[in-house]
Structure formats: structure tokens, C-alpha cells
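Visitor: Okay, so here is my_file37.txt, and as you'll see once you scroll down, it has compact mmCIF, C-alpha atoms.
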```txt
# COMPACT_ATOMS: atom_id res chain seq x y z
CA MET A 13 35.96 -24.28 17.20
CA ASN A 14 39.69 -23.75 17.00
CA LYS A 15 41.19 -20.30 16.63
CA VAL A 16 42.49 -20.82 13.10
CA ARG A 17 39.12 -21.88 11.81
CA ARG A 18 37.35 -19.12 13.70
CA ASP A 19 39.66 -16.51 12.19
CA ARG A 20 39.15 -17.98 8.73
CA ARG A 21 35.36 -17.88 9.15
CA LEU A 22 35.46 -14.31 10.41
CA LYS A 23 37.49 -13.32 7.36
CA LEU A 24 35.00 -15.16 5.17
CA LEU A 25 32.14 -13.34 6.88
CA GLY A 26 33.89 -10.02 6.27
CA THR A 27 34.24 -10.85 2.59
CA VAL A 28 30.58 -11.88 2.42
CA LEU A 29 29.49 -8.66 4.13
CA VAL A 30 31.50 -6.50 1.73
CA ALA A 31 30.14 -8.42 -1.26
CA ALA A 32 26.57 -8.16 0.05
CA LEU A 33 26.97 -4.43 0.63
CA ALA A 34 28.28 -3.98 -2.91
CA VAL A 35 25.35 -5.91 -4.40
CA VAL A 36 22.83 -3.93 -2.33
CA ILE A 37 24.37 -0.63 -3.40
CA VAL A 38 24.19 -1.67 -7.05
CA ALA A 39 20.57 -2.76 -6.57
CA VAL A 40 19.61 0.51 -4.89
CA VAL A 41 21.28 2.52 -7.64
CA ALA A 42 19.61 0.35 -10.29
CA SER A 43 16.25 1.05 -8.69
CA GLY A 44 16.97 4.70 -9.25
CA GLY A 45 17.91 5.32 -5.63
CA GLY A 46 14.29 6.17 -5.39
CA GLY A 47 13.96 6.60 -9.10
CA SER A 48 12.57 9.48 -10.97
CA GLY A 49 9.20 10.34 -12.28
CA GLY A 50 8.52 11.22 -15.82
CA GLY A 51 10.25 14.52 -15.72
CA SER A 52 13.04 15.51 -17.99
CA LYS A 53 16.13 16.54 -16.08
CA SER A 54 17.16 18.63 -19.06
CA GLY A 55 14.52 21.13 -18.06
CA LYS A 56 12.48 20.64 -21.19
CA ILE A 57 8.76 20.45 -20.47
CA GLY A 58 6.95 17.57 -22.11
CA GLY A 59 3.30 16.69 -22.63
CA ALA A 60 1.89 20.17 -23.25
CA SER A 61 -0.13 19.19 -26.31
CA GLN A 62 -1.44 16.10 -24.56
CA VAL A 63 -2.63 18.17 -21.62
CA THR A 64 -4.20 20.80 -23.82
CA ALA A 65 -6.17 18.13 -25.67
CA ARG A 66 -7.25 16.41 -22.47
CA PHE A 67 -9.02 19.45 -21.06
CA ALA A 68 -10.17 21.09 -24.28
CA GLY A 69 -13.80 22.12 -24.06
CA ILE A 70 -14.24 21.21 -20.40
CA PRO A 71 -15.35 24.08 -18.14
CA GLN A 72 -13.07 24.92 -15.24
CA ASN A 73 -13.58 27.22 -12.29
CA GLY A 74 -10.95 27.51 -9.59
CA LEU A 75 -10.42 24.07 -8.09
CA VAL A 76 -13.30 22.52 -10.00
CA LEU A 77 -13.17 20.77 -13.34
CA GLY A 78 -16.37 20.11 -15.21
CA ASN A 79 -20.00 21.04 -15.23
CA PRO A 80 -20.72 23.01 -12.02
CA ASN A 81 -24.17 21.42 -11.93
CA ALA A 82 -22.87 17.86 -12.34
CA PRO A 83 -24.85 15.45 -10.13
CA VAL A 84 -21.76 13.82 -8.66
CA THR A 85 -18.64 15.39 -7.14
CA LEU A 86 -15.28 13.62 -6.89
CA VAL A 87 -12.73 15.33 -4.66
CA GLU A 88 -9.08 14.37 -5.01
CA PHE A 89 -6.58 15.12 -2.25
CA ALA A 90 -3.18 15.04 -3.88
CA ASP A 91 0.33 16.33 -3.69
CA LEU A 92 2.04 17.35 -6.91
CA LYS A 93 5.31 15.74 -5.80
CA CYS A 94 3.61 12.47 -4.88
CA PRO A 95 4.61 9.71 -7.34
CA VAL A 96 1.52 7.66 -6.55
CA CYS A 97 -0.69 10.65 -7.37
CA ARG A 98 1.11 10.76 -10.68
CA GLN A 99 0.27 7.12 -11.29
CA TYR A 100 -3.42 7.82 -10.74
CA THR A 101 -3.25 10.79 -13.08
CA LEU A 102 -1.60 8.71 -15.77
CA SER A 103 -3.87 5.69 -15.37
CA ALA A 104 -7.49 6.16 -14.28
CA PHE A 105 -7.79 9.92 -14.52
CA PRO A 106 -7.92 10.41 -18.33
CA THR A 107 -10.67 7.80 -18.71
CA LEU A 108 -12.67 9.28 -15.84
CA VAL A 109 -12.42 12.72 -17.41
CA ASP A 110 -13.61 11.47 -20.80
CA ARG A 111 -16.35 9.23 -19.43
CA TYR A 112 -17.79 11.37 -16.66
CA VAL A 113 -16.48 14.93 -16.65
CA ARG A 114 -16.65 15.64 -20.35
CA THR A 115 -20.21 14.29 -20.38
CA GLY A 116 -21.23 16.56 -17.50
CA LYS A 117 -22.01 13.76 -15.05
CA VAL A 118 -19.19 14.40 -12.61
CA LYS A 119 -17.24 17.42 -11.49
CA MET A 120 -13.82 16.99 -10.01
CA GLN A 121 -12.26 19.09 -7.28
CA LEU A 122 -8.55 19.10 -6.54
CA GLU A 123 -7.43 19.81 -2.97
CA LEU A 124 -3.66 20.15 -3.00
CA GLN A 125 -1.59 19.03 -0.04
CA HIS A 126 2.04 19.86 0.54
CA PHE A 127 3.73 17.29 2.71
CA VAL A 128 5.25 14.81 0.28
CA GLY A 129 8.94 15.29 -0.43
CA ASN A 130 8.69 18.78 0.98
CA GLN A 131 12.37 19.41 1.48
CA ASN A 132 13.00 23.14 1.14
CA ASN A 133 9.22 23.60 0.91
CA ASP A 134 9.38 22.16 -2.60
CA SER A 135 5.94 20.61 -2.39
CA GLU A 136 4.47 23.84 -1.08
CA HIS A 137 6.04 25.82 -3.92
CA ALA A 138 4.35 23.49 -6.37
CA ALA A 139 0.98 23.73 -4.63
CA ARG A 140 1.14 27.52 -4.42
CA MET A 141 1.83 27.90 -8.12
CA ALA A 142 -0.96 25.45 -8.93
CA LEU A 143 -3.39 27.45 -6.80
CA ALA A 144 -2.24 30.62 -8.53
CA ALA A 145 -3.06 28.86 -11.79
CA ALA A 146 -6.45 27.99 -10.31
CA HIS A 147 -7.13 31.71 -9.93
CA GLN A 148 -6.85 31.80 -13.73
CA ASN A 149 -8.91 28.61 -14.12
CA LYS A 150 -5.87 26.65 -15.29
CA LEU A 151 -5.31 24.45 -12.25
CA TRP A 152 -6.01 21.13 -13.93
CA GLN A 153 -3.78 21.78 -16.92
CA PHE A 154 -0.98 22.91 -14.62
CA ALA A 155 -1.36 19.91 -12.29
CA ASP A 156 -1.52 17.44 -15.16
CA LEU A 157 1.55 18.95 -16.77
CA PHE A 158 3.35 18.88 -13.43
CA TYR A 159 2.73 15.16 -13.08
CA LEU A 160 3.98 14.53 -16.60
CA ASN A 161 7.19 16.34 -15.70
CA GLN A 162 7.43 15.16 -12.12
CA ARG A 163 10.85 14.08 -10.89
CA ASP A 164 12.15 12.11 -7.94
CA GLU A 165 10.24 13.30 -4.91
CA THR A 166 13.41 13.41 -2.83
CA GLN A 167 14.97 15.95 -5.16
CA THR A 168 14.49 19.68 -4.77
CA TYR A 169 13.57 20.93 -8.21
CA VAL A 170 10.46 23.11 -7.90
CA ASN A 171 12.26 26.39 -8.32
CA ASP A 172 11.14 29.49 -10.19
CA VAL A 173 12.82 28.37 -13.41
CA PHE A 174 10.96 25.06 -13.35
CA LEU A 175 7.64 26.69 -12.48
CA ARG A 176 8.06 29.32 -15.19
CA ARG A 177 8.82 26.67 -17.81
CA LEU A 178 5.86 24.60 -16.69
CA GLY A 179 3.51 27.55 -16.57
CA SER A 180 4.62 28.75 -19.99
CA ALA A 181 3.53 25.40 -21.42
CA VAL A 182 -0.05 25.94 -20.22
CA PRO A 183 -1.91 27.87 -22.93
CA GLY A 184 -3.65 30.95 -21.58
CA LEU A 185 -1.85 31.02 -18.24
CA ASP A 186 -0.33 34.37 -17.35
CA VAL A 187 2.84 33.04 -15.74
CA ASN A 188 4.08 36.35 -14.38
CA LYS A 189 0.73 37.00 -12.76
CA ALA A 190 0.69 33.52 -11.24
CA LEU A 191 4.24 33.81 -9.91
CA ALA A 192 3.37 37.16 -8.35
CA ALA A 193 0.19 35.84 -6.72
CA ARG A 194 1.42 32.52 -5.37
CA ASN A 195 2.74 33.80 -2.06
CA GLY A 196 -0.21 36.04 -1.35
CA PRO A 197 -2.52 35.67 1.68
CA ALA A 198 -5.38 34.32 -0.45
CA ILE A 199 -3.36 31.33 -1.58
CA THR A 200 -1.96 30.78 1.90
CA GLN A 201 -5.50 30.59 3.18
CA GLU A 202 -6.50 28.18 0.40
CA LEU A 203 -3.57 25.93 1.24
CA GLN A 204 -4.56 25.89 4.89
CA GLN A 205 -8.15 25.15 3.96
CA ALA A 206 -7.09 22.23 1.78
CA SER A 207 -5.01 20.82 4.64
CA SER A 208 -7.89 21.28 7.03
CA GLU A 209 -10.33 19.46 4.73
CA PHE A 210 -7.84 16.63 4.29
CA THR A 211 -7.50 16.22 8.04
CA THR A 212 -11.20 16.59 8.69
CA ALA A 213 -11.94 13.90 6.13
CA GLY A 214 -9.70 11.58 8.11
CA PHE A 215 -7.23 10.89 5.32
CA ASP A 216 -3.59 10.24 6.03
CA GLY A 217 -2.01 9.80 2.61
CA THR A 218 -2.17 10.97 -0.96
CA PRO A 219 -3.87 10.45 -3.25
CA SER A 220 -7.14 10.13 -1.36
CA PHE A 221 -10.57 10.54 -2.84
CA ALA A 222 -14.07 11.35 -1.67
CA VAL A 223 -17.16 11.02 -3.81
CA GLY A 224 -20.83 11.80 -3.37
CA LYS A 225 -23.84 13.56 -4.71
CA THR A 226 -23.12 17.20 -5.34
CA GLY A 227 -24.14 19.23 -2.33
CA GLY A 228 -24.43 16.12 -0.19
CA THR A 229 -22.08 14.23 2.09
CA LEU A 230 -19.04 12.76 0.41
CA SER A 231 -17.68 9.32 1.26
CA PRO A 232 -14.08 8.08 0.95
CA VAL A 233 -13.24 6.01 -2.11
CA ASN A 234 -11.58 2.83 -0.83
CA TYR A 235 -9.52 1.96 -3.86
CA ASN A 236 -7.23 -1.00 -4.22
CA SER A 237 -5.74 0.02 -7.51
CA PHE A 238 -5.89 2.76 -10.07
CA ASP A 239 -8.06 0.71 -12.35
CA VAL A 240 -10.93 2.83 -13.64
CA SER A 241 -13.43 0.41 -12.12
CA GLN A 242 -12.29 1.41 -8.64
CA PHE A 243 -13.76 4.86 -9.28
CA SER A 244 -16.45 4.15 -11.85
CA GLY A 245 -18.10 1.70 -9.45
CA PRO A 246 -19.02 4.24 -6.80
CA ILE A 247 -19.70 6.92 -9.39
CA ASP A 248 -22.09 4.72 -11.38
CA LYS A 249 -23.81 3.74 -8.17
CA LEU A 250 -24.41 7.39 -7.33
CA LEU A 251 -25.52 8.22 -10.85
CA GLY A 252 -27.83 5.21 -10.86
CA SER A 253 -29.37 6.14 -7.55
CA GLY A 254 -30.86 9.27 -8.92
CA ALA A 255 -28.00 11.70 -8.58
CA GLY A 256 -29.29 13.90 -11.27
CA MET B 7 20.88 -31.89 9.27
CA ARG B 8 21.77 -29.26 11.83
CA ARG B 9 19.14 -27.23 13.62
CA LEU B 10 20.25 -24.04 11.89
CA ASP B 11 19.84 -25.67 8.49
CA ILE B 12 16.30 -26.70 9.40
CA ALA B 13 15.45 -23.25 10.73
CA ILE B 14 16.85 -21.57 7.60
CA ALA B 15 14.96 -23.96 5.34
CA ALA B 16 11.71 -23.36 7.24
CA VAL B 17 11.99 -19.57 7.10
CA ALA B 18 13.05 -19.64 3.46
CA VAL B 19 10.06 -21.80 2.52
CA ILE B 20 7.69 -19.27 4.14
CA GLY B 21 9.45 -16.46 2.28
CA LEU B 22 9.26 -18.45 -0.91
CA GLY B 23 5.50 -18.74 -0.43
CA ILE B 24 5.07 -14.99 0.06
CA ALA B 25 7.29 -14.13 -2.91
CA ALA B 26 5.49 -16.68 -5.06
CA TYR B 27 2.12 -15.18 -4.14
CA LEU B 28 3.26 -11.63 -4.92
CA THR B 29 4.86 -12.77 -8.17
CA TYR B 30 1.67 -14.58 -9.16
CA ILE B 31 -0.62 -11.63 -8.50
CA HIS B 32 1.78 -9.37 -10.37
CA TYR B 33 1.71 -11.42 -13.54
CA ALA B 34 -1.97 -12.32 -13.17
CA GLY B 35 -2.86 -8.64 -12.84
CA LEU B 36 -4.61 -9.24 -9.52
CA HIS B 37 -4.64 -7.06 -6.42
CA PRO B 38 -2.90 -8.33 -3.28
CA LEU B 39 -4.94 -9.07 -0.21
CA CYS B 40 -4.07 -6.25 2.13
CA LEU B 41 -5.27 -5.16 5.54
CA ALA B 42 -4.51 -1.47 5.06
CA SER B 43 -6.64 0.26 2.45
CA GLY B 44 -4.63 0.66 -0.71
CA GLY B 45 -1.26 0.22 1.01
CA CYS B 46 -0.18 -2.92 -0.85
CA GLU B 47 -1.50 -1.58 -4.13
CA LYS B 48 0.40 1.67 -3.71
CA VAL B 49 3.61 -0.19 -3.04
CA GLN B 50 3.04 -2.76 -5.76
CA SER B 51 2.21 -0.10 -8.32
CA SER B 52 5.10 2.18 -7.41
CA HIS B 53 8.15 2.27 -9.61
CA TRP B 54 10.16 0.77 -6.75
CA SER B 55 8.26 -2.48 -7.23
CA LYS B 56 10.56 -3.32 -10.11
CA LEU B 57 14.31 -3.54 -10.39
CA ALA B 58 15.68 -3.25 -13.91
CA GLY B 59 12.22 -4.13 -15.18
CA ILE B 60 11.94 -7.26 -13.04
CA PRO B 61 9.32 -7.32 -10.27
CA VAL B 62 10.99 -7.19 -6.86
CA ALA B 63 8.72 -10.07 -5.81
CA THR B 64 10.26 -12.23 -8.52
CA ILE B 65 13.75 -11.29 -7.38
CA GLY B 66 12.72 -12.26 -3.86
CA LEU B 67 11.42 -15.56 -5.18
CA VAL B 68 14.79 -16.27 -6.76
CA GLY B 69 16.54 -15.18 -3.56
CA TYR B 70 14.57 -17.53 -1.31
CA ALA B 71 15.04 -20.36 -3.78
CA GLY B 72 18.75 -19.56 -3.88
CA ILE B 73 18.97 -19.76 -0.09
CA LEU B 74 17.27 -23.15 -0.12
CA ALA B 75 19.52 -24.39 -2.92
CA SER B 76 22.68 -23.17 -1.19
CA LEU B 77 21.81 -25.31 1.83
CA LEU B 78 22.61 -28.28 -0.37
CA VAL B 79 26.00 -26.94 -1.43
CA PRO B 80 28.77 -28.48 0.66
CA GLY B 81 31.72 -26.71 2.20
CA GLU B 82 32.39 -23.09 2.96
CA THR B 83 31.21 -22.13 -0.50
CA GLY B 84 27.70 -23.19 0.48
CA LEU B 85 27.92 -21.48 3.86
CA ALA B 86 29.19 -18.24 2.35
CA GLY B 87 26.77 -18.33 -0.60
CA CYS B 88 23.80 -18.85 1.68
CA ALA B 89 24.85 -15.97 3.93
CA LEU B 90 25.57 -13.73 0.95
CA ILE B 91 22.10 -14.18 -0.54
CA ALA B 92 20.43 -13.64 2.82
CA LEU B 93 22.49 -10.53 3.59
CA VAL B 94 21.75 -9.05 0.17
CA GLY B 95 18.07 -9.81 0.76
CA PHE B 96 18.24 -8.21 4.17
CA GLY B 97 19.98 -5.08 2.89
CA PHE B 98 17.63 -4.58 -0.02
CA SER B 99 14.58 -5.31 2.17
CA ALA B 100 15.78 -2.64 4.59
CA TYR B 101 16.05 -0.18 1.71
CA LEU B 102 12.58 -1.08 0.44
CA THR B 103 11.11 -0.66 3.92
CA TYR B 104 12.65 2.81 4.07
CA VAL B 105 11.12 3.55 0.66
CA GLU B 106 7.69 2.38 1.84
CA LEU B 107 7.76 4.51 4.97
CA PHE B 108 9.35 7.68 3.70
CA ARG B 109 8.79 7.84 -0.05
CA ILE B 110 5.68 5.90 -0.95
CA HIS B 111 4.05 6.64 2.41
CA ALA B 112 2.30 3.30 2.38
CA VAL B 113 3.05 -0.07 3.93
CA CYS B 114 2.53 -3.44 2.33
CA GLN B 115 2.21 -6.16 4.97
CA TRP B 116 3.54 -8.79 2.59
CA CYS B 117 6.69 -6.75 2.05
CA VAL B 118 7.10 -6.21 5.79
CA ALA B 119 6.67 -9.94 6.39
CA SER B 120 9.30 -10.70 3.77
CA ALA B 121 11.66 -8.13 5.30
CA VAL B 122 11.25 -9.74 8.72
CA LEU B 123 11.96 -13.17 7.21
CA MET B 124 15.05 -11.86 5.43
CA THR B 125 16.28 -10.34 8.68
CA ALA B 126 15.87 -13.68 10.41
CA LEU B 127 17.60 -15.44 7.52
CA ALA B 128 20.51 -13.02 7.64
CA ALA B 129 21.02 -13.72 11.35
CA LEU B 130 20.62 -17.48 10.94
CA THR B 131 22.91 -17.81 7.94
CA VAL B 132 25.63 -15.69 9.57
CA ALA B 133 25.39 -17.85 12.70
CA ARG B 134 25.61 -20.93 10.47
CA LEU B 135 28.63 -19.55 8.67
CA LEU B 136 30.42 -18.91 11.95
CA THR B 137 29.49 -22.11 13.74
CA ALA B 138 29.22 -24.87 11.14
CA ASP B 139 31.63 -27.65 11.97
CA GLU B 140 34.46 -28.89 9.78
CA ARG B 141 32.51 -31.91 8.62
CA ARG B 142 29.61 -29.66 7.43
CA ALA B 143 31.94 -27.11 5.95
CA TYR B 144 33.99 -29.64 4.02
CA ALA B 145 31.35 -32.26 3.37
```
Is it possible to give me this structure as C-alpha cells?
Guide:
Amino acid sequence: MNKVRRDRRLKLLGTVLVAALAVVIVAVVASGGGGSGGGSKSGKIGGASQVTARFAGIPQNGLVLGNPNAPVTLVEFADLKCPVCRQYTLSAFPTLVDRYVRTGKVKMQLELQHFVGNQNNDSEHAARMALAAAHQNKLWQFADLFYLNQRDETQTYVNDVFLRRLGSAVPGLDVNKALAARNGPAITQELQQASSEFTTAGFDGTPSFAVGKTGGTLSPVNYNSFDVSQFSGPIDKLLGSGAG
Amino acid sequence: MRRLDIAIAAVAVIGLGIAAYLTYIHYAGLHPLCLASGGCEKVQSSHWSKLAGIPVATIGLVGYAGILASLLVPGETGLAGCALIALVGFGFSAYLTYVELFRIHAVCQWCVASAVLMTALAALTVARLLTADERRAYA
């Protein structure tokens, strides 16, 4: 290849590289640079009435949602900043609550992790406030509302202002009390226990689920999607095999 | 046809097959066959699986088809176009792999396979751009 042609091709390659880089940057930006969840960046909290309606009339005690004597227990290991956990909450979760929890067949337990998008301990701040809400039996409303207002997991946004706004949208939650309690030793211990259970169960990502007869050994739910059938299958099997 | 053209065509056809499969399961509402439990589904159901409302798999399908089509375009326009598509595919695949590892925390083998193919295509098309002879470039 002669020098003139080689130089021309190198220049052409340079142009192609610059053009490719520009297209990729546009594509990455168009994808949201990681995108955002459903949260409003204006700070306004959305979905409060929806959340209130979803859990109305369902008993709640600490981490547990539903009838304490339900024959089947479904444990969810989740991180409030995890966008995939949000997808589960927006897709299968409402149907599962209506079909199984509201009818007293299943109780759900939420074990919050804090490793997703945890820059500046953001994920931990979220989990701590949720556990403080759990002390007031408002964990599930708080978590659901968090998912509805979740933002890009790479952003740091779980500050006191955000948590106060979120907590104020949960009817019956004493926000000041929750904010004061969140950094206490009890909640630190609960966080550590949730992490320990997650590790012991052998999970390595969120959301992860374990289901079984209440009081018995729980087994992992090997889901392939957030279609309700992925969860109703194992639950129905347990209910049909004399779990209650 | 030069060896590089054949190699590019072969790799692009494999990529086309993967992208076609992922596009099909997307629109058919099926779940991808995946070795890791839930990994593909997590990636496919994440909001990164679409770009401006279009499934990334479909964009990949168009990209692989574009690479194949550009092989038929004569001159430096064809050489540059082919390399441009492959480099864009490589760059965006690299970004999506980062997203899988550090944001979604799940890996989809189909996406990894496509990223590997795009990497190979980027190298092959750049080599083709730099080495194609005058007759090929001005055919």
C-alpha cells in the first residue's frame, strides 16, 4: 500500500472513529445514561393513594405482610435502589398480594439489602428508613412508595429531604420518630441479620425469593420473569400439598 | 471476495441470528433460554433493553444487517460504512456490558455473545478499511 493511500485511509479511519464515538454517546444519552426509575426529579412524591389502597386492610407486623398464620411464607430479598426489584414490585407483586396475601394464604417477608447503587451509603440510608418504618408496621407501604419514586440507581438522592417527603406520604407513619430511630443499634442489627440471611440462603443478587410452608424450610424461587405464574406456581403447589 | 469480507460476513450472520432470536422472543413475549437463573430475563426486562422505545435486540438486528449490506457497497464508502456500523455496535455493546455488570447485576449470555461478535467485527472491519486494495476500494 503506498503512503498516500495509507494516509488517506488513516484519515478516513479517524473520521469513522469520531463519528462512531458521537453516535455511541448519543445512544448512551438516549438510553438515559442508565436511565431513571419512576421517580420525579422535582421532589414530588407520587403514588401515595395507590399504595394506601394496595395495603388497606392487610395486617402488617414488622417485616411481615399478611396473616401471621398463613400456611405459606414468601421471603423477598430486595434493595430499594434496585431497578429490577422495582420491576417485580410493579408487575407480579400487586397480583400476588391480592390473590394470596389479602386472602390469608401467604405472608410475605421483606429482607432489605443495601449493596445496589450504594454510593455515599445511599442504599443503606433507604434500608434504614424502611426498617424504621417497619418498627411502626409501615414497611410495605414505605417500600412500595419508594419503588414508585425510585430514581437512577447511580444517582445519590436518598437524603433526609427525600426520606421525609416519602415518609410523609405514608399515612400513619411518624416520620420524625422513624428518622430518629433509623441509625439506632436495633436497626443496625436488623440490617446485618438481613445480610446474613441473604448470604446464608446462597443468593447473590436482588431481587431473590424463597418460598415454603410457614415454619418449614424455604426453597429459592427460580424465576425467569416477573410474570405472576413464576411465583403462583410454587405457591399453589405448596398450598395444594396441604400447607394449611 | 477477500478473506476479510468472508470473515466479516460469517461473524455478522451469526450476530444476525442472535439478534433475530432476541427480537423474536421480545415480540413473542417469550423468555430467552439462559444458563444463569434469571440473568437474561433481568437484562431483557430492564429499561436498558430498549433505546428510544426500540428493543436493543432489534437495533442489533439492523446493525448486523447493515454490516452485511455494506459489504456489497463498493469503494471507500462501503469500507467506511461497514467499519462505522461495527464500531458503533462495539461501543454500544461495551456500554451495555458495563450496564449488565455494574447496574443490572445480571449477565445475559446472548448479550455477551453479541458483544464478542461486535468486538470481532470492529477489529475485522477496521483491518479491512486499512488494507483493502484500490480495486476493492474503487470497484
Visitor: By how many Å are CA of Lys56 (chain A) and CA of Ala68 (chain A) apart?
Guide: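 Straight-line distance from CA of Lys56 (chain A) to CA of Ala68 (chain A) works out to 22.9 Å.
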Visitor: What is the CA of Ser220 (chain A)-CA of Cys97 (chain A) distance in Å, reported with one decimal?
Guide: 8.8 Å
Visitor: What is the CA of Phe210 (chain A)-CA of Leu86 (chain A) distance in Å, reported with one decimal?
Guide: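 One can read the CA of Phe210 (chain A) to CA of Leu86 (chain A) distance as 13.8 Å.
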Visitor: Tell me, as a list of chain:residue names, which residues lie within 6 Å of region 34-45 of chain A, counting all atoms listed in the file; anything in the same chain fewer than 4 positions away does not count.
Guide: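 Neighbouring residues, sequence-local ones excluded: B:Leu57, B:Val94, B:Phe98.
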Visitor: Those selected residues, please, written with C-alpha atoms and delivered as a short mmCIF file (atom, residue, chain, number, x, y, z; two decimals), keeping the file's coordinate frame.
Guide:
```cif
data_model
loop_
_atom_site.label_atom_id
_atom_site.label_comp_id
_atom_site.auth_asym_id
_atom_site.auth_seq_id
_atom_site.Cartn_x
_atom_site.Cartn_y
_atom_site.Cartn_z
CA LEU B 57 14.31 -3.54 -10.39
CA VAL B 94 21.75 -9.05 0.17
CA PHE B 98 17.63 -4.58 -0.02
#
```
Visitor: Report as JSON lines: every residue of chain A with an atom at most 6 Å from chain B, its closest pair of atoms, and their distance in Å to one decimal, counting all atoms listed in the file, with rows sorted by chain and ascending residue number.
Guide:
```
{"residue": "A:Arg21", "atom": "CA", "partner": "B:Leu136", "partner_atom": "CA", "distance": 5.8}
{"residue": "A:Val28", "atom": "CA", "partner": "B:Leu90", "partner_atom": "CA", "distance": 5.5}
{"residue": "A:Ala32", "atom": "CA", "partner": "B:Val94", "partner_atom": "CA", "distance": 4.9}
{"residue": "A:Val36", "atom": "CA", "partner": "B:Phe98", "partner_atom": "CA", "distance": 5.7}
{"residue": "A:Ser43", "atom": "CA", "partner": "B:Leu57", "partner_atom": "CA", "distance": 5.3}
{"residue": "A:Tyr235", "atom": "CA", "partner": "B:Gly44", "partner_atom": "CA", "distance": 6.0}
{"residue": "A:Asn236", "atom": "CA", "partner": "B:Gly44", "partner_atom": "CA", "distance": 4.7}
{"residue": "A:Ser237", "atom": "CA", "partner": "B:Glu47", "partner_atom": "CA", "distance": 5.7}
```
Visitor: For region 92-115 of chain B, supply N, CA and C atoms and format the output as a JSON list (two decimals), in the coordinates of the input.
Guide:
```
[["chain", "number", "residue", "atom", "x", "y", "z"],
["B", 92, "ALA", "N", 21.29, -14.13, 1.74],
["B", 92, "ALA", "CA", 20.43, -13.64, 2.82],
["B", 92, "ALA", "C", 20.79, -12.20, 3.21],
["B", 93, "LEU", "N", 22.08, -11.90, 3.23],
["B", 93, "LEU", "CA", 22.49, -10.53, 3.59],
["B", 93, "LEU", "C", 22.10, -9.52, 2.51],
["B", 94, "VAL", "N", 22.21, -9.93, 1.25],
["B", 94, "VAL", "CA", 21.75, -9.05, 0.17],
["B", 94, "VAL", "C", 20.24, -8.83, 0.31],
["B", 95, "GLY", "N", 19.53, -9.91, 0.56],
["B", 95, "GLY", "CA", 18.07, -9.81, 0.76],
["B", 95, "GLY", "C", 17.72, -8.91, 1.92],
["B", 96, "PHE", "N", 18.48, -9.04, 2.99],
["B", 96, "PHE", "CA", 18.24, -8.21, 4.17],
["B", 96, "PHE", "C", 18.50, -6.73, 3.86],
["B", 97, "GLY", "N", 19.62, -6.47, 3.20],
["B", 97, "GLY", "CA", 19.98, -5.08, 2.89],
["B", 97, "GLY", "C", 18.97, -4.43, 1.96],
["B", 98, "PHE", "N", 18.57, -5.16, 0.93],
["B", 98, "PHE", "CA", 17.63, -4.58, -0.02],
["B", 98, "PHE", "C", 16.23, -4.45, 0.60],
["B", 99, "SER", "N", 15.87, -5.40, 1.47],
["B", 99, "SER", "CA", 14.58, -5.31, 2.17],
["B", 99, "SER", "C", 14.56, -4.08, 3.08],
["B", 100, "ALA", "N", 15.70, -3.82, 3.72],
["B", 100, "ALA", "CA", 15.78, -2.64, 4.59],
["B", 100, "ALA", "C", 15.58, -1.36, 3.77],
["B", 101, "TYR", "N", 16.21, -1.34, 2.59],
["B", 101, "TYR", "CA", 16.05, -0.18, 1.71],
["B", 101, "TYR", "C", 14.58, -0.03, 1.27],
["B", 102, "LEU", "N", 13.97, -1.14, 0.90],
["B", 102, "LEU", "CA", 12.58, -1.08, 0.44],
["B", 102, "LEU", "C", 11.63, -0.67, 1.57],
["B", 103, "THR", "N", 11.94, -1.07, 2.78],
["B", 103, "THR", "CA", 11.11, -0.66, 3.92],
["B", 103, "THR", "C", 11.23, 0.84, 4.14],
["B", 104, "TYR", "N", 12.45, 1.36, 3.99],
["B", 104, "TYR", "CA", 12.65, 2.81, 4.07],
["B", 104, "TYR", "C", 11.82, 3.52, 2.98],
["B", 105, "VAL", "N", 11.86, 2.96, 1.78],
["B", 105, "VAL", "CA", 11.12, 3.55, 0.66],
["B", 105, "VAL", "C", 9.62, 3.56, 0.96],
["B", 106, "GLU", "N", 9.12, 2.46, 1.50],
["B", 106, "GLU", "CA", 7.69, 2.38, 1.84],
["B", 106, "GLU", "C", 7.30, 3.47, 2.84],
["B", 107, "LEU", "N", 8.12, 3.60, 3.88],
["B", 107, "LEU", "CA", 7.76, 4.51, 4.97],
["B", 107, "LEU", "C", 7.94, 5.97, 4.60],
["B", 108, "PHE", "N", 9.00, 6.27, 3.88],
["B", 108, "PHE", "CA", 9.35, 7.68, 3.70],
["B", 108, "PHE", "C", 9.19, 8.21, 2.28],
["B", 109, "ARG", "N", 8.96, 7.34, 1.32],
["B", 109, "ARG", "CA", 8.79, 7.84, -0.05],
["B", 109, "ARG", "C", 7.41, 7.51, -0.60],
["B", 110, "ILE", "N", 7.00, 6.26, -0.44],
["B", 110, "ILE", "CA", 5.68, 5.90, -0.95],
["B", 110, "ILE", "C", 4.60, 6.28, 0.06],
["B", 111, "HIS", "N", 4.98, 6.32, 1.33],
["B", 111, "HIS", "CA", 4.05, 6.64, 2.41],
["B", 111, "HIS", "C", 2.91, 5.62, 2.45],
["B", 112, "ALA", "N", 3.27, 4.39, 2.28],
["B", 112, "ALA", "CA", 2.30, 3.30, 2.38],
["B", 112, "ALA", "C", 3.08, 2.04, 2.77],
["B", 113, "VAL", "N", 2.39, 1.15, 3.47],
["B", 113, "VAL", "CA", 3.05, -0.07, 3.93],
["B", 113, "VAL", "C", 2.32, -1.29, 3.39],
["B", 114, "CYS", "N", 3.09, -2.19, 2.84],
["B", 114, "CYS", "CA", 2.53, -3.44, 2.33],
["B", 114, "CYS", "C", 2.93, -4.54, 3.33],
["B", 115, "GLN", "N", 1.93, -5.17, 3.93],
["B", 115, "GLN", "CA", 2.21, -6.16, 4.97],
["B", 115, "GLN", "C", 3.03, -7.33, 4.43]]
```
